[in-house]
Structures are given as structure tokens and as C-alpha cells.
Amino acid sequence: MESNKDAKRVLITGGSDGIGKYTALGLARKGYAITLACRNEGKGSKVAEEIVAITGNPDIDLLIMDLADLDSVRRAAAEYRNQFDRLDVLINNAGIFIADLEKTAQGYEKQFGVNHLGHFVLTNQLLGMLEKAPAPRVINVSSHMHYGGQIDFDNLRGEKPGYNGIKAYAQSKLANVLFTREFARRYPHIACNALHPGAVRTRFANKSGGLLYSLGWTLVKPFLISVEQGAKNSIRAASDPALSGVTGQYFDPRKGPRYPSRTAQDPDLASRLWEWSEAAA
Ligand SMILES: NC(=O)c1ccc[n+]([C@@H]2O[C@H](COP(=O)([O-])OP(=O)(O)OC[C@H]3O[C@@H](n4cnc5c(N)ncnc54)[C@H](OP(=O)(O)O)[C@@H]3O)[C@@H](O)[C@H]2O)c1
């Protein structure tokens, strides 16, 4: 495959592993030009080389960005704006689950900081690039775990004692859906949707889920769907012509669009989270 200057441009966060890597691979097969936004340069460049070798698509770039540091996110977005003239699809895919309290460079609870706030800043920094594409799409990889989530505005820096990793993860994934709906309301000309990828056999909870969660994840892994299957919902959201113009939805991998939680449908909460995130960034 030769380099194609007219190819649609996709930027995917967390393209160095798991669902993100296979989403990038699937879209590279379809001829999209891909920017893998990764925190680890060595790991990211290996994946980029692998995707080029498998697909023959040479248009695979690397952008170094740590979502746990908003300065790094701003620098990466500026680099992207200098290098390219538009962005057709932004896939906010990177995510973490951690069992014990950790903080971002700016002092926010880390799951909220990486899974929501880093992506909030990235998306806003790339808004102008999206607006230059003819039919732009933003995809936020959330989770069914958002159904149990609440936003505790008094604990977003992990101020309260007794950290609960699962609760913090559910909160961050609820924030993904609220962000999606508020973005869709503010920018109706940019299609923005959230999705659940399925329960997918990645190394997700093995990374910093602590011994208990890591062991539990290892035990359930044989029952989870493959990472290729887990990438399907993101690939479809990014590329299916039938979804052109569809916005503000939450996609289930088996059922298509479905209602997110009642909390996720609260427009006042979505607007409050947006304003809070703007002030925090
Ligand atoms: N697996 C599931 O069953 C499941 C279910 C529902 C939703 N999800 C969601 O799906 C998304 C992908 O998860 P996955 O299962 O593919 O996990 P994964 O295999 O652990 O991949 C996560 C990706 O995020 C990147 N990442 C983590 N912290 C980052 C940071 N600070 N800055 C930049 N990149 C960072 C990782 O980079 P490294 O390669 O450097 O670690 C990796 O590329 C997440 O948003 C997750 O919440 C997963």
C-alpha cells in the first residue's frame, strides 16, 4: 500500500495495547491514516511497526502523550496541530483501572484524571482540527461499569479517606458518557458517541489492579471476548457510513444504541461536569 495523502486521519489514545491496538490495526486495514497517541515511546513504535508490517499501510504515526499530565496532553495536541491539517476521527480509548489511590501530575485522582480529564483536554485542544474534517467523529470508550457510577465533586482529588478503586473507575466511565452527551449538545456538527467494548481479554486489570483484582481478572479472562472482537464496536463507530451524523449515543457491542444510566442522562450534571473540567484544566 502506498502512502495516501487523502486518507481519513484517526488519532487513537492507548493505541499501544489491548483494544486500542486492535482498533488501530482494523482501521489501518481499511486504509485510514493512524496516529497512535501513547505514553511509552518504545512500546508505541513497536506497535506502529507491527501494524505497518501486517497491513502494508505506511501511514502510521506516533505521538507521545501521557494522559496523567495535562501539560503533556497540551504539548501533544500542539504537535498534532503543527503536523497535520485536520482530524477525521478522534478515539478516546486509553484507560486505567487501579486499586489504590494515585494522583495525576496536577493532583487529580488518577482514574478520573486519565480516563476523563486528559481526554477532555485533548478533545478540546483538537476541536479546530476536527472542524476542518468534512464529517468528523469523536468516540469515547466508556464501559457498562458506568451504570454504577456517581460523580463526587468533593472527591475528585481523592480527598476523602477510604479509596475504592471500582467506585473511582465507575465514576470515570460515567464521566465519559456525560462528556459525550454534553459535547454532542455543544457541537452538533461533530458526531460524538460513547461505547462499551464488551468484556475483553486484555491485560487491563493486571497492570495496576493490585494482587486481588489482578488474580480475579486472570481467573475470568478465559470467559472474556477476544481483543479482536473487543475492537469491533470502536472500528464500527469510527468507520460505518450508516452511523454518519449519529451523535450523543451510547453503543452496546451486541444491541447497538442503548440507554446509558439515568445519571448519565442528566443534562445538568453533564453541564456541571463540563464546567468543572474546564476550570480544572
Ligand atoms: N478490557 C475490558 O474488558 C474493558 C471493558 C470495558 C471498557 N474498557 C475500556 O477500554 C479501554 C481500553 O482498555 P484495554 O482493556 O484495551 O486496556 P489496556 O490493554 O490496558 O490498554 C490501555 C491503553 O491505555 C494506555 N494508557 C494507560 N494510561 C495512560 C496514560 N496515562 N497516558 C496515555 N496512555 C495511557 C495504555 O498504555 P500502555 O501500553 O503504556 O500501558 C494502553 O495503550 C479503556 O478505556 C477501558 O476502560 C475495557
# chains A, B, ... in the order shown; residues from 1 in each chain; ligands from 1
>>> residues_near_ligand(ligand="ligand 1", cutoff="6 Å", atoms="only C-alpha atoms and all ligand atoms", output="PDB file with all heavy atoms, in the first residue's frame")
ATOM      1  N   GLY A  14      -4.038   5.369  23.661  1.00  0.00           N
ATOM      2  CA  GLY A  14      -3.879   3.998  24.137  1.00  0.00           C
ATOM      3  C   GLY A  14      -3.822   3.013  22.982  1.00  0.00           C
ATOM      4  O   GLY A  14      -4.357   1.910  23.063  1.00  0.00           O
ATOM      5  N   GLY A  15      -3.152   3.423  21.916  1.00  0.00           N
ATOM      6  CA  GLY A  15      -3.027   2.521  20.759  1.00  0.00           C
ATOM      7  C   GLY A  15      -1.895   1.517  20.919  1.00  0.00           C
ATOM      8  O   GLY A  15      -1.647   0.707  20.027  1.00  0.00           O
ATOM      9  N   SER A  16      -1.214   1.554  22.085  1.00  0.00           N
ATOM     10  CA  SER A  16      -0.046   0.677  22.258  1.00  0.00           C
ATOM     11  C   SER A  16      -0.407  -0.693  22.806  1.00  0.00           C
ATOM     12  O   SER A  16       0.469  -1.545  22.975  1.00  0.00           O
ATOM     13  CB  SER A  16       0.952   1.350  23.203  1.00  0.00           C
ATOM     14  OG  SER A  16       0.317   1.651  24.437  1.00  0.00           O
ATOM     15  N   ASP A  17      -1.675  -0.920  23.136  1.00  0.00           N
ATOM     16  CA  ASP A  17      -2.023  -2.186  23.785  1.00  0.00           C
ATOM     17  C   ASP A  17      -3.517  -2.457  23.618  1.00  0.00           C
ATOM     18  O   ASP A  17      -4.288  -1.560  23.235  1.00  0.00           O
ATOM     19  CB  ASP A  17      -1.686  -2.104  25.285  1.00  0.00           C
ATOM     20  CG  ASP A  17      -1.285  -3.448  25.886  1.00  0.00           C
ATOM     21  OD1 ASP A  17      -1.576  -4.495  25.268  1.00  0.00           O
ATOM     22  OD2 ASP A  17      -0.686  -3.441  26.971  1.00  0.00           O
ATOM     23  N   GLY A  18      -3.909  -3.688  23.914  1.00  0.00           N
ATOM     24  CA  GLY A  18      -5.310  -4.057  24.072  1.00  0.00           C
ATOM     25  C   GLY A  18      -6.245  -3.621  22.945  1.00  0.00           C
ATOM     26  O   GLY A  18      -5.918  -3.719  21.756  1.00  0.00           O
ATOM     27  N   ILE A  19      -7.393  -3.106  23.338  1.00  0.00           N
ATOM     28  CA  ILE A  19      -8.455  -2.749  22.392  1.00  0.00           C
ATOM     29  C   ILE A  19      -7.980  -1.656  21.429  1.00  0.00           C
ATOM     30  O   ILE A  19      -8.281  -1.685  20.232  1.00  0.00           O
ATOM     31  CB  ILE A  19      -9.701  -2.272  23.182  1.00  0.00           C
ATOM     32  CG1 ILE A  19     -10.257  -3.415  24.041  1.00  0.00           C
ATOM     33  CG2 ILE A  19     -10.789  -1.757  22.234  1.00  0.00           C
ATOM     34  CD1 ILE A  19     -11.204  -2.969  25.151  1.00  0.00           C
ATOM     35  N   GLY A  20      -7.201  -0.710  21.942  1.00  0.00           N
ATOM     36  CA  GLY A  20      -6.706   0.400  21.116  1.00  0.00           C
ATOM     37  C   GLY A  20      -5.809  -0.089  19.990  1.00  0.00           C
ATOM     38  O   GLY A  20      -5.934   0.361  18.842  1.00  0.00           O
ATOM     39  N   CYS A  38       0.543   7.568  22.498  1.00  0.00           N
ATOM     40  CA  CYS A  38       0.983   6.615  23.529  1.00  0.00           C
ATOM     41  C   CYS A  38       1.895   7.290  24.538  1.00  0.00           C
ATOM     42  O   CYS A  38       2.594   8.234  24.213  1.00  0.00           O
ATOM     43  CB  CYS A  38       1.795   5.485  22.901  1.00  0.00           C
ATOM     44  SG  CYS A  38       0.955   4.644  21.570  1.00  0.00           S
ATOM     45  N   ARG A  39       1.921   6.728  25.750  1.00  0.00           N
ATOM     46  CA  ARG A  39       2.822   7.302  26.770  1.00  0.00           C
ATOM     47  C   ARG A  39       4.216   6.691  26.710  1.00  0.00           C
ATOM     48  O   ARG A  39       5.178   7.281  27.183  1.00  0.00           O
ATOM     49  CB  ARG A  39       2.230   7.105  28.163  1.00  0.00           C
ATOM     50  CG  ARG A  39       2.008   5.657  28.532  1.00  0.00           C
ATOM     51  CD  ARG A  39       1.466   5.505  29.945  1.00  0.00           C
ATOM     52  NE  ARG A  39       0.964   4.143  30.146  1.00  0.00           N
ATOM     53  CZ  ARG A  39       0.523   3.685  31.290  1.00  0.00           C
ATOM     54  NH1 ARG A  39       0.507   4.467  32.340  1.00  0.00           N
ATOM     55  NH2 ARG A  39       0.076   2.437  31.396  1.00  0.00           N
ATOM     56  N   ASN A  40       4.304   5.486  26.146  1.00  0.00           N
ATOM     57  CA  ASN A  40       5.589   4.765  26.137  1.00  0.00           C
ATOM     58  C   ASN A  40       6.111   4.680  24.696  1.00  0.00           C
ATOM     59  O   ASN A  40       5.569   3.938  23.865  1.00  0.00           O
ATOM     60  CB  ASN A  40       5.340   3.368  26.740  1.00  0.00           C
ATOM     61  CG  ASN A  40       6.585   2.513  26.789  1.00  0.00           C
ATOM     62  OD1 ASN A  40       7.469   2.606  25.918  1.00  0.00           O
ATOM     63  ND2 ASN A  40       6.661   1.670  27.792  1.00  0.00           N
ATOM     64  N   MET A  65       2.319  11.018  24.455  1.00  0.00           N
ATOM     65  CA  MET A  65       1.411  11.785  25.311  1.00  0.00           C
ATOM     66  C   MET A  65       1.065  10.983  26.566  1.00  0.00           C
ATOM     67  O   MET A  65       0.646   9.826  26.471  1.00  0.00           O
ATOM     68  CB  MET A  65       0.111  12.074  24.523  1.00  0.00           C
ATOM     69  CG  MET A  65      -0.893  12.860  25.319  1.00  0.00           C
ATOM     70  SD  MET A  65      -2.425  13.058  24.409  1.00  0.00           S
ATOM     71  CE  MET A  65      -3.012  11.384  24.403  1.00  0.00           C
ATOM     72  N   ASP A  66       1.228  11.625  27.710  1.00  0.00           N
ATOM     73  CA  ASP A  66       0.823  11.000  28.970  1.00  0.00           C
ATOM     74  C   ASP A  66      -0.457  11.673  29.454  1.00  0.00           C
ATOM     75  O   ASP A  66      -0.448  12.846  29.834  1.00  0.00           O
ATOM     76  CB  ASP A  66       1.943  11.157  30.011  1.00  0.00           C
ATOM     77  CG  ASP A  66       1.596  10.457  31.320  1.00  0.00           C
ATOM     78  OD1 ASP A  66       0.471   9.930  31.448  1.00  0.00           O
ATOM     79  OD2 ASP A  66       2.452  10.456  32.221  1.00  0.00           O
ATOM     80  N   LEU A  67      -1.536  10.927  29.435  1.00  0.00           N
ATOM     81  CA  LEU A  67      -2.836  11.499  29.827  1.00  0.00           C
ATOM     82  C   LEU A  67      -2.898  11.859  31.317  1.00  0.00           C
ATOM     83  O   LEU A  67      -3.814  12.562  31.738  1.00  0.00           O
ATOM     84  CB  LEU A  67      -3.962  10.520  29.492  1.00  0.00           C
ATOM     85  CG  LEU A  67      -4.313  10.416  27.998  1.00  0.00           C
ATOM     86  CD1 LEU A  67      -4.994   9.088  27.702  1.00  0.00           C
ATOM     87  CD2 LEU A  67      -5.204  11.574  27.562  1.00  0.00           C
ATOM     88  N   ALA A  68      -1.935  11.374  32.084  1.00  0.00           N
ATOM     89  CA  ALA A  68      -1.901  11.703  33.511  1.00  0.00           C
ATOM     90  C   ALA A  68      -1.197  13.032  33.753  1.00  0.00           C
ATOM     91  O   ALA A  68      -0.966  13.404  34.910  1.00  0.00           O
ATOM     92  CB  ALA A  68      -1.219  10.590  34.287  1.00  0.00           C
ATOM     93  N   ASN A  93      -9.639   6.264  23.747  1.00  0.00           N
ATOM     94  CA  ASN A  93      -9.734   4.857  24.135  1.00  0.00           C
ATOM     95  C   ASN A  93      -8.931   4.512  25.393  1.00  0.00           C
ATOM     96  O   ASN A  93      -9.316   3.622  26.144  1.00  0.00           O
ATOM     97  CB  ASN A  93      -9.234   3.999  22.956  1.00  0.00           C
ATOM     98  CG  ASN A  93      -8.780   2.622  23.377  1.00  0.00           C
ATOM     99  OD1 ASN A  93      -9.577   1.701  23.528  1.00  0.00           O
ATOM    100  ND2 ASN A  93      -7.469   2.470  23.616  1.00  0.00           N
ATOM    101  N   ALA A  94      -7.810   5.209  25.616  1.00  0.00           N
ATOM    102  CA  ALA A  94      -6.918   4.810  26.718  1.00  0.00           C
ATOM    103  C   ALA A  94      -7.670   4.799  28.037  1.00  0.00           C
ATOM    104  O   ALA A  94      -8.570   5.612  28.257  1.00  0.00           O
ATOM    105  CB  ALA A  94      -5.731   5.765  26.807  1.00  0.00           C
ATOM    106  N   GLY A  95      -7.293   3.884  28.906  1.00  0.00           N
ATOM    107  CA  GLY A  95      -7.963   3.836  30.201  1.00  0.00           C
ATOM    108  C   GLY A  95      -7.171   3.001  31.182  1.00  0.00           C
ATOM    109  O   GLY A  95      -6.367   2.151  30.790  1.00  0.00           O
ATOM    110  N   ILE A  96      -7.393   3.287  32.451  1.00  0.00           N
ATOM    111  CA  ILE A  96      -6.731   2.514  33.504  1.00  0.00           C
ATOM    112  C   ILE A  96      -7.744   2.104  34.557  1.00  0.00           C
ATOM    113  O   ILE A  96      -8.767   2.759  34.751  1.00  0.00           O
ATOM    114  CB  ILE A  96      -5.607   3.334  34.208  1.00  0.00           C
ATOM    115  CG1 ILE A  96      -6.126   4.710  34.667  1.00  0.00           C
ATOM    116  CG2 ILE A  96      -4.391   3.481  33.314  1.00  0.00           C
ATOM    117  CD1 ILE A  96      -5.191   5.435  35.632  1.00  0.00           C
ATOM    118  N   VAL A 114      -6.961  10.365  34.106  1.00  0.00           N
ATOM    119  CA  VAL A 114      -6.558   9.750  32.826  1.00  0.00           C
ATOM    120  C   VAL A 114      -7.783   9.448  31.964  1.00  0.00           C
ATOM    121  O   VAL A 114      -7.842   9.835  30.792  1.00  0.00           O
ATOM    122  CB  VAL A 114      -5.761   8.444  33.085  1.00  0.00           C
ATOM    123  CG1 VAL A 114      -5.571   7.645  31.795  1.00  0.00           C
ATOM    124  CG2 VAL A 114      -4.417   8.759  33.728  1.00  0.00           C
ATOM    125  N   VAL A 141     -14.461   5.688  24.588  1.00  0.00           N
ATOM    126  CA  VAL A 141     -14.594   4.297  25.036  1.00  0.00           C
ATOM    127  C   VAL A 141     -14.895   4.313  26.533  1.00  0.00           C
ATOM    128  O   VAL A 141     -14.034   4.600  27.357  1.00  0.00           O
ATOM    129  CB  VAL A 141     -13.324   3.470  24.717  1.00  0.00           C
ATOM    130  CG1 VAL A 141     -13.506   2.032  25.207  1.00  0.00           C
ATOM    131  CG2 VAL A 141     -13.038   3.500  23.212  1.00  0.00           C
ATOM    132  N   SER A 142     -16.156   4.049  26.836  1.00  0.00           N
ATOM    133  CA  SER A 142     -16.621   4.028  28.223  1.00  0.00           C
ATOM    134  C   SER A 142     -16.712   2.564  28.672  1.00  0.00           C
ATOM    135  O   SER A 142     -15.894   1.730  28.243  1.00  0.00           O
ATOM    136  CB  SER A 142     -17.978   4.739  28.297  1.00  0.00           C
ATOM    137  OG  SER A 142     -18.506   4.676  29.590  1.00  0.00           O
ATOM    138  N   SER A 143     -17.697   2.253  29.464  1.00  0.00           N
ATOM    139  CA  SER A 143     -17.864   0.876  29.947  1.00  0.00           C
ATOM    140  C   SER A 143     -19.246   0.740  30.573  1.00  0.00           C
ATOM    141  O   SER A 143     -19.799   1.718  31.090  1.00  0.00           O
ATOM    142  CB  SER A 143     -16.803   0.595  31.019  1.00  0.00           C
ATOM    143  OG  SER A 143     -17.132  -0.558  31.754  1.00  0.00           O
ATOM    144  N   HIS A 196     -19.447   0.818  24.898  1.00  0.00           N
ATOM    145  CA  HIS A 196     -18.882  -0.253  25.741  1.00  0.00           C
ATOM    146  C   HIS A 196     -18.252  -1.253  24.774  1.00  0.00           C
ATOM    147  O   HIS A 196     -18.923  -1.678  23.814  1.00  0.00           O
ATOM    148  CB  HIS A 196     -20.015  -0.900  26.546  1.00  0.00           C
ATOM    149  CG  HIS A 196     -19.598  -2.126  27.295  1.00  0.00           C
ATOM    150  ND1 HIS A 196     -18.601  -2.106  28.262  1.00  0.00           N
ATOM    151  CD2 HIS A 196     -20.028  -3.420  27.233  1.00  0.00           C
ATOM    152  CE1 HIS A 196     -18.445  -3.330  28.753  1.00  0.00           C
ATOM    153  NE2 HIS A 196     -19.296  -4.143  28.149  1.00  0.00           N
ATOM    154  N   PRO A 197     -16.996  -1.642  24.984  1.00  0.00           N
ATOM    155  CA  PRO A 197     -16.374  -2.559  24.021  1.00  0.00           C
ATOM    156  C   PRO A 197     -16.744  -4.027  24.237  1.00  0.00           C
ATOM    157  O   PRO A 197     -16.479  -4.868  23.369  1.00  0.00           O
ATOM    158  CB  PRO A 197     -14.874  -2.351  24.275  1.00  0.00           C
ATOM    159  CG  PRO A 197     -14.774  -1.900  25.696  1.00  0.00           C
ATOM    160  CD  PRO A 197     -16.045  -1.178  26.017  1.00  0.00           C
ATOM    161  N   GLY A 198     -17.376  -4.344  25.377  1.00  0.00           N
ATOM    162  CA  GLY A 198     -17.587  -5.733  25.774  1.00  0.00           C
ATOM    163  C   GLY A 198     -16.620  -6.023  26.915  1.00  0.00           C
ATOM    164  O   GLY A 198     -15.837  -5.155  27.300  1.00  0.00           O
ATOM    165  N   ALA A 199     -16.703  -7.232  27.459  1.00  0.00           N
ATOM    166  CA  ALA A 199     -15.736  -7.644  28.491  1.00  0.00           C
ATOM    167  C   ALA A 199     -14.606  -8.349  27.746  1.00  0.00           C
ATOM    168  O   ALA A 199     -14.787  -9.445  27.218  1.00  0.00           O
ATOM    169  CB  ALA A 199     -16.413  -8.563  29.496  1.00  0.00           C
ATOM    170  N   VAL A 200     -13.470  -7.701  27.666  1.00  0.00           N
ATOM    171  CA  VAL A 200     -12.437  -8.060  26.685  1.00  0.00           C
ATOM    172  C   VAL A 200     -11.164  -8.584  27.349  1.00  0.00           C
ATOM    173  O   VAL A 200     -10.689  -8.017  28.343  1.00  0.00           O
ATOM    174  CB  VAL A 200     -12.081  -6.812  25.820  1.00  0.00           C
ATOM    175  CG1 VAL A 200     -11.179  -7.229  24.665  1.00  0.00           C
ATOM    176  CG2 VAL A 200     -13.348  -6.130  25.297  1.00  0.00           C
ATOM    177  N   ARG A 201     -10.590  -9.632  26.747  1.00  0.00           N
ATOM    178  CA  ARG A 201      -9.409 -10.302  27.292  1.00  0.00           C
ATOM    179  C   ARG A 201      -8.121  -9.497  27.047  1.00  0.00           C
ATOM    180  O   ARG A 201      -7.300  -9.876  26.211  1.00  0.00           O
ATOM    181  CB  ARG A 201      -9.291 -11.684  26.637  1.00  0.00           C
ATOM    182  CG  ARG A 201      -8.509 -12.702  27.427  1.00  0.00           C
ATOM    183  CD  ARG A 201      -8.467 -14.021  26.684  1.00  0.00           C
ATOM    184  NE  ARG A 201      -9.785 -14.529  26.337  1.00  0.00           N
ATOM    185  CZ  ARG A 201     -10.161 -14.932  25.113  1.00  0.00           C
ATOM    186  NH1 ARG A 201      -9.314 -14.876  24.111  1.00  0.00           N
ATOM    187  NH2 ARG A 201     -11.388 -15.385  24.894  1.00  0.00           N
ATOM    188  N   THR A 202      -7.974  -8.366  27.758  1.00  0.00           N
ATOM    189  CA  THR A 202      -6.738  -7.573  27.655  1.00  0.00           C
ATOM    190  C   THR A 202      -5.987  -7.724  28.984  1.00  0.00           C
ATOM    191  O   THR A 202      -6.426  -8.455  29.873  1.00  0.00           O
ATOM    192  CB  THR A 202      -7.064  -6.086  27.433  1.00  0.00           C
ATOM    193  OG1 THR A 202      -7.773  -5.606  28.563  1.00  0.00           O
ATOM    194  CG2 THR A 202      -7.887  -5.879  26.182  1.00  0.00           C
ATOM    195  N   ARG A 203      -4.905  -6.969  29.148  1.00  0.00           N
ATOM    196  CA  ARG A 203      -4.146  -7.033  30.405  1.00  0.00           C
ATOM    197  C   ARG A 203      -4.588  -5.925  31.364  1.00  0.00           C
ATOM    198  O   ARG A 203      -3.894  -5.592  32.332  1.00  0.00           O
ATOM    199  CB  ARG A 203      -2.643  -6.922  30.111  1.00  0.00           C
ATOM    200  CG  ARG A 203      -2.128  -8.086  29.279  1.00  0.00           C
ATOM    201  CD  ARG A 203      -0.613  -8.137  29.200  1.00  0.00           C
ATOM    202  NE  ARG A 203      -0.061  -6.852  28.820  1.00  0.00           N
ATOM    203  CZ  ARG A 203       0.726  -6.113  29.589  1.00  0.00           C
ATOM    204  NH1 ARG A 203       1.043  -6.529  30.790  1.00  0.00           N
ATOM    205  NH2 ARG A 203       1.208  -4.962  29.162  1.00  0.00           N
ATOM    206  N   PHE A 204      -5.750  -5.320  31.029  1.00  0.00           N
ATOM    207  CA  PHE A 204      -6.279  -4.146  31.717  1.00  0.00           C
ATOM    208  C   PHE A 204      -6.078  -4.152  33.240  1.00  0.00           C
ATOM    209  O   PHE A 204      -5.334  -3.331  33.774  1.00  0.00           O
ATOM    210  CB  PHE A 204      -7.760  -4.051  31.361  1.00  0.00           C
ATOM    211  CG  PHE A 204      -8.418  -2.797  31.803  1.00  0.00           C
ATOM    212  CD1 PHE A 204      -7.906  -1.572  31.432  1.00  0.00           C
ATOM    213  CD2 PHE A 204      -9.562  -2.833  32.582  1.00  0.00           C
ATOM    214  CE1 PHE A 204      -8.520  -0.402  31.833  1.00  0.00           C
ATOM    215  CE2 PHE A 204     -10.182  -1.682  32.977  1.00  0.00           C
ATOM    216  CZ  PHE A 204      -9.660  -0.460  32.604  1.00  0.00           C
TER     217      PHE A 204
END
>>> residues_around(residues="Trp274 (chain A)", least_positions_apart="6", cutoff="9 Å", atoms="only C-alpha atoms", output="PDB file with C-alpha atoms, in the first residue's frame")
ATOM      1  CA  PHE A 120     -11.481  16.245  27.909  1.00  0.00           C
ATOM      2  CA  LEU A 178     -21.651  12.659  30.405  1.00  0.00           C
ATOM      3  CA  PHE A 179     -18.824  14.262  28.393  1.00  0.00           C
ATOM      4  CA  GLU A 182     -22.575  17.428  26.600  1.00  0.00           C
ATOM      5  CA  PHE A 183     -20.138  17.504  23.669  1.00  0.00           C
TER       6      PHE A 183
END
>>> closest_residue(among="A:Ser261, A:Thr23, A:Gln125, A:Asn164", to="Asn233 (chain A)", atoms="only C-alpha atoms")
A:Thr23
>>> select_by_dssp(residues="region 112-275 of chain A", states="alpha helix (DSSP H)", output="PyMOL selection string")
chain A and resi 112+118-125+127-131+165-186+204-208+210-220+227-239+267-275
>>> residues_around(residues="Pro161 (chain A)", least_positions_apart="6", cutoff="12 Å", atoms="only C-alpha atoms", output="JSON, numbers by chain")
{"A": [100, 101, 154, 155]}
>>> residues_around(residues="Asn92 (chain A)", least_positions_apart="4", cutoff="8 Å", atoms="only C-alpha atoms", output="number ranges by chain")
A: 12-13, 119, 138-141
>>> closest_atom_pairs(of="region 83-127 of chain A", to="region 71-76 of chain A", cutoff="8 Å", atoms="only C-alpha atoms", output="CSV")
residue,atom,partner,partner_atom,distance
A:Gly118,CA,A:Val73,CA,6.7
A:Val121,CA,A:Val73,CA,7.2
A:Leu122,CA,A:Val73,CA,6.1
A:Gln125,CA,A:Arg74,CA,7.0
>>> select_by_dssp(residues="region 79-259 of chain A", states="strand (DSSP E or B)", output="VMD selection string")
chain A and resid 89 to 92 98 103 109 137 to 141 191 to 195 200 225 250 to 252 256 to 257
